[in-house]
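Single-structure report; data block below.
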Amino acid sequence: MSRFYEAGPLAQVGINLFYGYGYNFYRQENQFRADDQRVRQMACSLLGRARGAIDDAESRYRRDNIAPPTRANPFPDPAVVANAQALERLGREVGALEGQIRHQPVPENDRMNQRYRQEGNTLAALAEKDAVLVGQAELLRSMLEGTAGDAILANKREIENGIAAITATLRDRQTFLS
């Protein structure tokens, strides 16, 4: 029988290799770290959908409300242009949030963190903050998806409050890790 079929020695070699690279796949901390990445990806996906909804609403708003120029009226109504620009700004802000979430730090998997900073507790508390982040992103997405530009403009204050809440959660998360 080949040595490739002896589970005991093979498993021991594999575990030694994992430990040599500083990784133990049975540790709860590694599960928390993987969950953190998955949750942040989910929040980014939700915010991407929210930005897509704003971008669609903006293009429909421009198409429906900005008339082609004529000799009598060569420039569009300034109020309509301001509304289109407000939609564009909201889309950029949501996109910026998505980028910030993607680049959020997570505690390193090194011996100093494991020894001096309670890594498991830190990652568990981080998971709670990330759950709030995903909830906020889902609420923003549900407010925006399938909504026309006029409705978004009517709820602009509420959307800006949502963006501010997500920004505060990200700031809280960064402060927690400092």
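Lettering and numbering for the structure tokens are positional, with chains as A, B, ... in the shown order, residues counted from 1 in each chain, and ligands counted from 1 in the shown order.
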| request: Would you list the contacts of region 131-137 of chain A as number ranges by chain, taking every protein, DNA or RNA residue within 8 Å and counting only C-alpha atoms, but skipping same-chain residues closer than 5 positions in sequence? | output: A: 39-40, 42-43, 46-47, 162, 165-166, 169-170
May I have the residues from that selection written out with C-alpha atoms, as a PDB file, in the first residue's frame?
ATOM      1  CA  VAL A  39     -19.509  39.945   5.473  1.00  0.00           C
ATOM      2  CA  ARG A  40     -17.595  42.920   4.061  1.00  0.00           C
ATOM      3  CA  MET A  42     -21.721  41.155   1.181  1.00  0.00           C
ATOM      4  CA  ALA A  43     -21.933  44.789   2.299  1.00  0.00           C
ATOM      5  CA  LEU A  46     -25.382  45.547  -1.435  1.00  0.00           C
ATOM      6  CA  LEU A  47     -23.864  49.008  -1.802  1.00  0.00           C
ATOM      7  CA  GLY A 162     -28.173  56.425   5.725  1.00  0.00           C
ATOM      8  CA  ALA A 165     -24.826  56.221   9.456  1.00  0.00           C
ATOM      9  CA  ILE A 166     -22.731  53.836   7.372  1.00  0.00           C
ATOM     10  CA  THR A 169     -20.188  52.651  11.566  1.00  0.00           C
ATOM     11  CA  LEU A 170     -17.018  52.473   9.461  1.00  0.00           C
TER      12      LEU A 170
END
| field | region 142-147 of chain A surroundings by only C-alpha atoms, 9 Å radius, close-in-sequence under 5 positions cut, as a list in words | value |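 Listing them by chain and then by number gives Arg49, Ala50, Arg51, Gly52, Ala53, Ile54, Asp56, Ala57, Ala137, Ile152, Asn155 and Ile159 of chain A.
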| query | In terms of the shortest atom-to-atom distance over only C-alpha atoms, which of A:Arg173, A:Leu87, A:Arg157, A:Cys44 is closest to Ala127 (chain A)? | reply |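 Of all the options, A:Arg173 lies closest to Ala127 (chain A).
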| Suppose you want the space between CA of Asp130 (chain A) and CA of Pro105 (chain A); what is it in Å? |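 According to the coordinates, CA of Asp130 (chain A) and CA of Pro105 (chain A) are separated by 12.1 Å.
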| request: Determine, counting only C-alpha atoms, which protein, DNA and RNA residues have an atom within 9 Å of an atom of Leu126 (chain A); residues of the same chain fewer than 2 positions away are not included. Present the result as a ChimeraX atom specification. | output: /A:32,36,106,121-124,128-131,173,176-177
File dump, residues just selected, N, CA and C atoms, as a CSV table (one decimal), in the first residue's frame:
chain,number,residue,atom,x,y,z
A,32,PHE,N,-13.5,33.5,12.3
A,32,PHE,CA,-14.0,34.9,12.4
A,32,PHE,C,-13.4,35.7,11.3
A,36,ASP,N,-15.4,37.7,8.5
A,36,ASP,CA,-15.2,39.2,8.3
A,36,ASP,C,-15.1,39.6,6.9
A,106,VAL,N,-8.4,44.5,9.0
A,106,VAL,CA,-8.8,43.4,9.9
A,106,VAL,C,-7.5,43.0,10.7
A,121,ASN,N,-11.8,37.6,20.9
A,121,ASN,CA,-12.7,38.5,21.3
A,121,ASN,C,-12.8,39.7,20.4
A,122,THR,N,-11.6,40.2,19.9
A,122,THR,CA,-11.6,41.3,19.0
A,122,THR,C,-12.4,41.0,17.7
A,123,LEU,N,-12.1,39.8,17.2
A,123,LEU,CA,-12.8,39.4,15.9
A,123,LEU,C,-14.3,39.2,16.1
A,124,ALA,N,-14.7,38.7,17.3
A,124,ALA,CA,-16.1,38.5,17.6
A,124,ALA,C,-16.8,39.8,17.7
A,128,GLU,N,-19.9,41.7,15.2
A,128,GLU,CA,-21.1,42.5,15.5
A,128,GLU,C,-21.2,43.8,14.8
A,129,LYS,N,-20.0,44.5,14.7
A,129,LYS,CA,-20.0,45.8,14.0
A,129,LYS,C,-20.3,45.5,12.5
A,130,ASP,N,-19.8,44.5,11.9
A,130,ASP,CA,-20.0,44.2,10.5
A,130,ASP,C,-21.4,43.8,10.3
A,131,ALA,N,-22.1,43.1,11.2
A,131,ALA,CA,-23.5,42.8,11.1
A,131,ALA,C,-24.3,44.1,11.0
A,173,ARG,N,-15.7,51.2,13.5
A,173,ARG,CA,-14.9,50.0,13.3
A,173,ARG,C,-13.4,50.3,13.2
A,176,PHE,N,-12.2,51.1,16.7
A,176,PHE,CA,-12.1,49.8,17.5
A,176,PHE,C,-10.9,49.1,17.2
A,177,LEU,N,-10.4,49.1,16.0
A,177,LEU,CA,-9.2,48.3,15.6
A,177,LEU,C,-7.9,49.1,16.0
| query | What separation in Å, quoted to one decimal, exists between CA of Gly91 (chain A) and CA of Asp77 (chain A)? | reply |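 Distance reported for this atom pair: 21.6 Å.
Comparing A:Ser45, A:Gln37, A:Gln28, A:Asn83 by their smallest distance to Glu58 (chain A), the closest is A:Asn83 (using only C-alpha atoms).
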| Every residue of region 84-172 of chain A that DSSP places in helix (DSSP H, G or I), as a PyMOL selection string | chain A and resi 84-102+111-116+119-144+149-154+156-172
| Distance of CA of Val80 (chain A) from CA of Asp64 (chain A), expressed in Å to one decimal place | 10.3 Å
| said: Here is a test: counting only C-alpha atoms, which residue of A:Gln104, A:Asn65, A:Asn161, A:Thr70 is nearest to Thr175 (chain A)? | reply: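 Once distances to Thr175 (chain A) are computed over only C-alpha atoms, the minimum belongs to A:Gln104.
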| message | I'd like to know which of A:Arg89, A:His103, A:Ala79, A:Ala72 is closest to Gln174 (chain A), using only C-alpha atoms. | response |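 When distances to Gln174 (chain A) are compared using only C-alpha atoms, the smallest one comes from A:His103.
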